[in-house]
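**Q** Take a look at the following structure, please.
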Amino acid sequence: MNSDRTRTVAKISSSPTARELLKQYACGPVQLTGASNALYERHLMFDNVMDPKAIGPREQYEAAAKSVRDVLSQRWLLTERTYERENAKRIYYLSMEFLIGRSLANNIMNLLLDPMVKQAVDEKRLDWLALLEQEPDAGLGNGGLGRLAACFLDSMATMQLPAMGYGLRYEYGIFRQSIRDGWQHEEADNWLRRPDPWEAARPQEQVEVRLGCSFEVRSGKLAAVLGEPSILLGIPYDRPVVGYGGRTINTLRLWAAAAPEAFDFHEFSAGDFVGALAERLSAETLTRVLYPDDSTSMGQGLRFVQEYFLVACSLADLVRRFRRNNPDWRALPDRAAIQFNDTHPSLAVAELMRILLDEAHLGWDEAWDLTRRTLAYTNHTLLPEALEKWPLRWFEVLLPRQLEIILEINRRLLDDVRNRFPGDEGRVERVSLIDERGGRKVRMANLAIVGSHSTNGVAAIHSGLLRRVTVKDLAEMFPERFSNKTNGVTPRRWLLLANPALAGIITDAIGDRWITDLAELEKLKPLADDRSFRDDIRRAKQDAKSRFAEWLKSTSGVVVDPASIFDSQIKRIHEYKRQLLNGLRIVVLYNRLRENPDLEMAPRTFVFAGKAAPAYQLAKIIIKFLNNLADTIDADPAVKGRLKVVFLPEYCVSLAERLIPASDVSNQISTAGYEASGTSNMKFMMNGALTLGTRDGATIEMAEAAGEDNFFLFGLTAEQVAGSRGWYSPYWHYDNEPETRAALDLIFSNHFSRYEPGIFEPLRDVLLTHGDHYRHLADLTSYLEADQRLLDLYADPDAWVRKVILNVASSGRFSSDRTIAEYASQIWNVQPCPVP
Ligand code: 26W
């Protein structure tokens, strides 16, 4: 275990009294007399100026959120003032995505205000759950990468690290998904329709972004006007990030694009009132919507400008802050650590060089040294289609100076390669920042690796593959830059908040230090043999399942049996994540029951949730397939009460918070070598689900921590998958495995598409005709074997709950506090800066 973690995490073992808390939060000039009650009443009355009889849950939510914000405001200011005064080295986490979810309950929990709020809720007889439901999920991300950024912010604030998140204030987050006739439909997520109590606009801190061209809207599309440089404004909107215990309150700063005030005057006076307003619209278009593409770089111009906008705003802002206290530019790497969440912000290499060369007037060598020592890069995927490459042409038009800088970086890099590896032109081609094949493109991963001092992957296997396969040549040139930082998740949101029953049992057993030091969970290990503790754990799971079943019934009418095994797979829909493999498993089980109605098999509920990228046709067919599977199985009396499949629409952070505590089985079944880490795997483990999984991503390390006999691993290893590329044929499995063949035959006989014959033919292509790239058929048999082992265990409730306890007890390493401690000591060299 890393000893830094214990040093940096604040210890909050004894809960402070209400009075102590108020003193902690009233650390500025404004008194918080009468506490939350009075604040709430004032907001309810004065913010809405509404007849009290007309006040509904939405107004109540806003008043509650604003009261909490009042309580934290002075502490928030004091946090910033402390960092400024200490001139502390700061972490800047640059990310195109922050998948925050809801904030009210989380902030109340982290501020330790639960008892006070509970009292107020009782006194006022508020319907607290209905009130919480009023908050939209802040869905400013696609999936794992965005949620990781949010967990990291929580950990950094809890560990009292002087950190700031930088992102974009999308007006529309990830699309809202509905399912009609089994198909996914997308609707706009207008999450800011109502005012958001958590954000504070800071127009006085706006920054200017200079672009090499202008834009206009032509028939609804953004078009570049060449040779006419333009200026955009970045307006910061700050959100508080409350550390557990409420001592540190960091900031997530999101940028909104706007047109400069001055800019339309000329147009107005020329009489083109409408034209000027349209121009203004085009500036604001930039941060309107999050790109919903997970794992494919679609190469859209607007996305490229978004990425530059994030980089330009954030660097201008942090350099301005740096210069307030530091006359010497050479101190930059001692005052700032900038982390790239994937390559999306890697234009920062060129932008920081531009600032140091053109604004600080440093020489190349010094600028390059400072840039590299300040920047660090995290890679989140090896999928070739996800690696960003931007056309050189776009740089010429939009960022000519940055292109000049990139080409000079490349010239020096390639000189170096030629010196170190004379005659190896293949290597020169592979290392180059420019992909010369087809239209010339800039390889953003190469730029990030060359222009930073650190490149890390997000799980051991992933970091190894990154080094040995994906960017082998660069890793050979700069071996000391590469490392692994296995992902983690925040135990505050994912255990304490999401699963209060389990959290309470754990605290009763080992005290509450686990909340900020998850390695403490180890202490649960001996309790695996304690009968009454096992009963408590079983009861907590049963309660969570009942609560989930009730919620599902009341919100959608869908009925699931809380006595059945809840078996979940929730994540973006992608071929490599293999929801199809799960579907095939269910078809095989269904066939077994149809053939042998007397077969003994514990009743099971299979739960799926996840969104498909709107342009990813096959992923949408997979969703349709799972929904049809659900309908057909529901309608078949032969399996009634024994098998149930549900596809839950609109997967989001809040849905994960409900479903994960209620799950018995976690499916982590990606083709080995493809899932960089996974993070829901860790949330399930912490919440007492057992894992059915492949040897991929962090699942490997989870099984190592828990012991392989407490895990249900199956399938090809990454080496076997790679080794089978030359010779694998799915037909072998079809021809030689009767259950595999029967399952496929049933699907292609239109059993699940009686009224839509042929719609699943694309699945035949993927699984058979086109060679089954993701090895579904190769792993199906061993998946079923692992599934059977799991069912055998379930038949012995004591043995099952024993393994559950050992899994929970071994999940401590997968706290994002541990991950952040590693980043802080090994990449950032940043210390905690406690707020007095
Ligand atoms: C440019 C389009 C695009 C957008 C997002 C390409 C790639 C992405 C992300 C890298 C996708 C993503 O979320 N990756 C996930 O990151 C998690 C956090 O590290 C990992 O746990 C997941 O395994 C990885 O798929």
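Ligands are numbered from 1 in the order shown, residues from 1 within each chain, and chains are lettered A, B, ... in the order they appear in the structure tokens.
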Per residue of chain A within 7 Å of ligand 1, which atom pair is closest and at what distance in Å (one decimal), using only C-alpha atoms and all ligand atoms, listed by chain and increasing number, as CSV?
**A**
residue,atom,partner,partner_atom_place_in_ligand_line,distance
A:Asn142,CA,ligand 1,13 (O),6.5
A:Gly143,CA,ligand 1,13 (O),4.9
A:Gly144,CA,ligand 1,17 (C),4.0
A:Leu145,CA,ligand 1,13 (O),3.7
A:Gly146,CA,ligand 1,13 (O),6.4
A:Leu148,CA,ligand 1,18 (C),5.6
A:Asp293,CA,ligand 1,2 (C),5.4
A:Asp294,CA,ligand 1,4 (C),4.3
A:Ser295,CA,ligand 1,6 (C),3.6
A:Thr296,CA,ligand 1,2 (C),4.6
A:Ser297,CA,ligand 1,1 (C),3.9
A:Met298,CA,ligand 1,2 (C),6.7
A:Asp342,CA,ligand 1,10 (C),6.3
A:His344,CA,ligand 1,1 (C),6.9
A:His380,CA,ligand 1,10 (C),4.7
A:Thr381,CA,ligand 1,10 (C),5.1
A:Ala386,CA,ligand 1,6 (C),4.5
A:Leu387,CA,ligand 1,6 (C),6.8
A:Glu388,CA,ligand 1,1 (C),6.2
A:Val458,CA,ligand 1,19 (O),5.5
A:Asn487,CA,ligand 1,19 (O),6.4
A:Glu675,CA,ligand 1,23 (O),4.4
A:Ala676,CA,ligand 1,23 (O),3.8
A:Ser677,CA,ligand 1,23 (O),3.9
A:Gly678,CA,ligand 1,21 (O),3.4
A:Thr679,CA,ligand 1,21 (O),4.9
A:Gly697,CA,ligand 1,23 (O),6.7
**Q** Just want the 6 Å neighbourhood of range 773-782 of chain A, counted on only C-alpha atoms, with same-chain residues fewer than 2 positions away dropped. Output as an MDAnalysis selection string.
**A** chainID A and resid 576 581 671 714:715 771 784:785
**Q** Near Gly641 in chain A, counting only C-alpha atoms, which residues have an atom at most 10 Å away, once you skip same-chain residues fewer than 3 positions from it, shown as a VMD selection string?
**A** chain A and resid 560 to 561 564 602 to 605 634 637 to 638 644
**Q** Taking only C-alpha atoms into account, name the residue in A:Glu522, A:Glu595, A:Asp51, A:Asp817 that is nearest to Met156 in chain A.
**A** A:Asp817
**Q** Taking into account only C-alpha atoms, which residue in the set A:Gln569, A:His43, A:Cys652, A:Tyr92 is nearest to Asp137 in chain A?
**A**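 Smallest separation from Asp137 in chain A among the options: A:Cys652.
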**Q** Pick out each residue of range 257-458 of chain A that DSSP on the backbone tags as alpha helix (DSSP H); I need them as a ChimeraX atom specification.
**A** /A:265-269,273-285,301-325,332-335,348-354,364-374,392-398,400-420,425-431,444-450
**Q** Of the candidates A:Lys611, A:Leu407, A:Asn687, A:Ala64, which shows the shortest atom-to-atom distance to Ile505 in chain A, using only C-alpha atoms?
**A** A:Asn687
**Q** From range 624-784 of chain A, collect each residue whose DSSP state is strand (DSSP E) and return the set as a PyMOL selection string.
**A** chain A and resi 643-648+665-668+690-694+712-714
**Q** Print the selection's residues with N, CA, C and O atoms to a file, as a PDB file, in the first residue's frame.
**A**
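Okay, this is what ended up in result-v5.pdb:
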ATOM      1  N   LEU A 643     -36.369 -16.475 -15.775  1.00  0.00           N
ATOM      2  CA  LEU A 643     -35.460 -15.552 -16.457  1.00  0.00           C
ATOM      3  C   LEU A 643     -36.192 -14.253 -16.722  1.00  0.00           C
ATOM      4  O   LEU A 643     -37.355 -14.264 -17.128  1.00  0.00           O
ATOM      5  N   LYS A 644     -35.496 -13.162 -16.498  1.00  0.00           N
ATOM      6  CA  LYS A 644     -36.091 -11.859 -16.802  1.00  0.00           C
ATOM      7  C   LYS A 644     -34.953 -10.978 -17.319  1.00  0.00           C
ATOM      8  O   LYS A 644     -33.856 -10.975 -16.747  1.00  0.00           O
ATOM      9  N   VAL A 645     -35.211 -10.264 -18.400  1.00  0.00           N
ATOM     10  CA  VAL A 645     -34.202  -9.350 -18.939  1.00  0.00           C
ATOM     11  C   VAL A 645     -34.800  -7.956 -18.948  1.00  0.00           C
ATOM     12  O   VAL A 645     -35.945  -7.782 -19.383  1.00  0.00           O
ATOM     13  N   VAL A 646     -34.071  -6.982 -18.443  1.00  0.00           N
ATOM     14  CA  VAL A 646     -34.550  -5.593 -18.560  1.00  0.00           C
ATOM     15  C   VAL A 646     -33.442  -4.708 -19.120  1.00  0.00           C
ATOM     16  O   VAL A 646     -32.272  -4.832 -18.741  1.00  0.00           O
ATOM     17  N   PHE A 647     -33.850  -3.845 -20.030  1.00  0.00           N
ATOM     18  CA  PHE A 647     -32.934  -2.818 -20.522  1.00  0.00           C
ATOM     19  C   PHE A 647     -33.437  -1.492 -19.962  1.00  0.00           C
ATOM     20  O   PHE A 647     -34.518  -1.028 -20.315  1.00  0.00           O
ATOM     21  N   LEU A 648     -32.662  -0.879 -19.068  1.00  0.00           N
ATOM     22  CA  LEU A 648     -33.088   0.377 -18.461  1.00  0.00           C
ATOM     23  C   LEU A 648     -32.640   1.540 -19.329  1.00  0.00           C
ATOM     24  O   LEU A 648     -31.452   1.647 -19.649  1.00  0.00           O
ATOM     25  N   VAL A 665     -24.320  -9.618  -9.198  1.00  0.00           N
ATOM     26  CA  VAL A 665     -23.301 -10.040 -10.158  1.00  0.00           C
ATOM     27  C   VAL A 665     -22.938  -8.871 -11.063  1.00  0.00           C
ATOM     28  O   VAL A 665     -23.816  -8.157 -11.559  1.00  0.00           O
ATOM     29  N   SER A 666     -21.653  -8.683 -11.260  1.00  0.00           N
ATOM     30  CA  SER A 666     -21.126  -7.614 -12.106  1.00  0.00           C
ATOM     31  C   SER A 666     -20.461  -8.240 -13.323  1.00  0.00           C
ATOM     32  O   SER A 666     -19.563  -9.066 -13.184  1.00  0.00           O
ATOM     33  N   ASN A 667     -20.937  -7.866 -14.503  1.00  0.00           N
ATOM     34  CA  ASN A 667     -20.356  -8.405 -15.734  1.00  0.00           C
ATOM     35  C   ASN A 667     -19.309  -7.444 -16.299  1.00  0.00           C
ATOM     36  O   ASN A 667     -19.631  -6.313 -16.658  1.00  0.00           O
ATOM     37  N   GLN A 668     -18.056  -7.909 -16.354  1.00  0.00           N
ATOM     38  CA  GLN A 668     -16.938  -7.105 -16.886  1.00  0.00           C
ATOM     39  C   GLN A 668     -16.271  -7.970 -17.930  1.00  0.00           C
ATOM     40  O   GLN A 668     -15.282  -8.635 -17.660  1.00  0.00           O
ATOM     41  N   LEU A 690     -20.344  -9.898  -6.904  1.00  0.00           N
ATOM     42  CA  LEU A 690     -19.243 -10.741  -7.367  1.00  0.00           C
ATOM     43  C   LEU A 690     -19.074 -10.543  -8.872  1.00  0.00           C
ATOM     44  O   LEU A 690     -20.042 -10.295  -9.579  1.00  0.00           O
ATOM     45  N   THR A 691     -17.822 -10.642  -9.317  1.00  0.00           N
ATOM     46  CA  THR A 691     -17.497 -10.293 -10.699  1.00  0.00           C
ATOM     47  C   THR A 691     -17.372 -11.515 -11.589  1.00  0.00           C
ATOM     48  O   THR A 691     -16.620 -12.437 -11.274  1.00  0.00           O
ATOM     49  N   LEU A 692     -18.120 -11.483 -12.689  1.00  0.00           N
ATOM     50  CA  LEU A 692     -17.928 -12.424 -13.789  1.00  0.00           C
ATOM     51  C   LEU A 692     -17.131 -11.640 -14.807  1.00  0.00           C
ATOM     52  O   LEU A 692     -17.655 -10.703 -15.409  1.00  0.00           O
ATOM     53  N   GLY A 693     -15.878 -12.002 -15.022  1.00  0.00           N
ATOM     54  CA  GLY A 693     -15.105 -11.100 -15.867  1.00  0.00           C
ATOM     55  C   GLY A 693     -13.962 -11.744 -16.617  1.00  0.00           C
ATOM     56  O   GLY A 693     -13.499 -12.834 -16.292  1.00  0.00           O
ATOM     57  N   THR A 694     -13.512 -11.014 -17.624  1.00  0.00           N
ATOM     58  CA  THR A 694     -12.336 -11.435 -18.381  1.00  0.00           C
ATOM     59  C   THR A 694     -11.092 -10.816 -17.746  1.00  0.00           C
ATOM     60  O   THR A 694     -11.180  -9.873 -16.959  1.00  0.00           O
ATOM     61  N   PHE A 712     -14.683 -14.746 -10.623  1.00  0.00           N
ATOM     62  CA  PHE A 712     -15.153 -15.661 -11.650  1.00  0.00           C
ATOM     63  C   PHE A 712     -14.588 -15.207 -12.985  1.00  0.00           C
ATOM     64  O   PHE A 712     -15.257 -14.554 -13.779  1.00  0.00           O
ATOM     65  N   LEU A 713     -13.308 -15.518 -13.164  1.00  0.00           N
ATOM     66  CA  LEU A 713     -12.620 -15.106 -14.385  1.00  0.00           C
ATOM     67  C   LEU A 713     -12.786 -16.165 -15.460  1.00  0.00           C
ATOM     68  O   LEU A 713     -12.890 -17.359 -15.165  1.00  0.00           O
ATOM     69  N   PHE A 714     -12.803 -15.721 -16.694  1.00  0.00           N
ATOM     70  CA  PHE A 714     -12.929 -16.663 -17.801  1.00  0.00           C
ATOM     71  C   PHE A 714     -12.344 -16.040 -19.067  1.00  0.00           C
ATOM     72  O   PHE A 714     -12.023 -14.846 -19.090  1.00  0.00           O
TER      73      PHE A 714
END
**Q** Residues within 12 Å of Ala367 in chain A, please, as a list in words. Count only C-alpha atoms; anything in the same chain fewer than 3 positions from it doesn't count.
**A**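 Surrounding residues, per the criterion: Trp329, Arg330, Ala331, Leu332, Pro333, Val349, Ala350, Glu351, Leu352, Met353, Arg354, Ile355, Leu356, Leu357, Asp358, Glu359, Ala360, His361, Leu362, Gly363, Trp364, Leu370, Thr371, Arg372, Arg373, Thr374, Ile405, Ile409 and Gly451 of chain A.
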**Q** Given the selection you just returned, output its residues as a file containing C-alpha atoms, formatted as a tab-separated table (two decimals), in the first residue's frame.
**A**
chain	number	residue	atom	x	y	z
A	329	TRP	CA	8.68	32.43	-15.53
A	330	ARG	CA	11.21	29.76	-14.65
A	331	ALA	CA	9.16	28.95	-11.53
A	332	LEU	CA	6.23	27.64	-13.62
A	333	PRO	CA	6.89	23.91	-13.17
A	349	VAL	CA	1.79	21.67	-25.68
A	350	ALA	CA	1.78	24.14	-28.57
A	351	GLU	CA	-0.22	26.79	-26.73
A	352	LEU	CA	2.06	26.87	-23.69
A	353	MET	CA	5.10	27.06	-25.98
A	354	ARG	CA	3.44	29.98	-27.79
A	355	ILE	CA	2.89	31.81	-24.50
A	356	LEU	CA	6.45	31.23	-23.31
A	357	LEU	CA	7.98	32.20	-26.65
A	358	ASP	CA	5.76	35.08	-27.75
A	359	GLU	CA	4.48	36.55	-24.48
A	360	ALA	CA	7.29	35.71	-22.03
A	361	HIS	CA	9.92	36.12	-24.77
A	362	LEU	CA	11.92	33.12	-23.60
A	363	GLY	CA	14.27	31.24	-25.90
A	364	TRP	CA	13.22	27.90	-27.43
A	370	LEU	CA	9.39	24.58	-18.82
A	371	THR	CA	6.59	23.24	-21.03
A	372	ARG	CA	7.67	19.64	-20.68
A	373	ARG	CA	8.19	19.85	-16.93
A	374	THR	CA	4.72	21.37	-16.44
A	405	ILE	CA	5.61	25.49	-33.22
A	409	ILE	CA	9.07	20.46	-32.24
A	451	GLY	CA	5.72	17.56	-25.11
**Q** Measuring between only C-alpha atoms, which one of A:Gly812, A:Arg85, A:Ala150, A:Thr17 shows the shortest distance to Thr516 in chain A?
**A**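 So, comparing all the options, the nearest one is A:Gly812.
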**Q** State, in Å with one decimal place, the distance from CA of Arg658 in chain A to CA of Val808 in chain A.
**A**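 These atoms are spaced 17.8 Å apart.
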**Q** Can you tell me, as an NGL selection string, what residues are no more than 8 Å from range 618-629 of chain A when counting only C-alpha atoms, ignoring any on the same chain fewer than 3 positions away?
**A** :A and (182-184 or 573-575 or 579-580 or 583 or 612-614 or 632-633 or 645-647 or 752-753 or 760 or 762)
**Q** Choose the residue, out of A:Leu791, A:Ala65, A:Ile827, A:Val639, that has the smallest atom-to-atom separation from Gln339 in chain A; count only C-alpha atoms.
**A** A:Ile827
**Q** Excluding same-chain residues fewer than 4 positions from Gly426 in chain A, what lies within 12 Å of it counting only C-alpha atoms, as a PyMOL selection string?
**A** chain A and resi 414+417-418+421-422+430-432+473
**Q** My list of candidates is A:Leu131, A:Met159, A:Met96, A:Leu413. Which is closest to Asn341 in chain A when distances are computed with only C-alpha atoms?
**A**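 The answer is A:Met96, which sits nearest to Asn341 in chain A.
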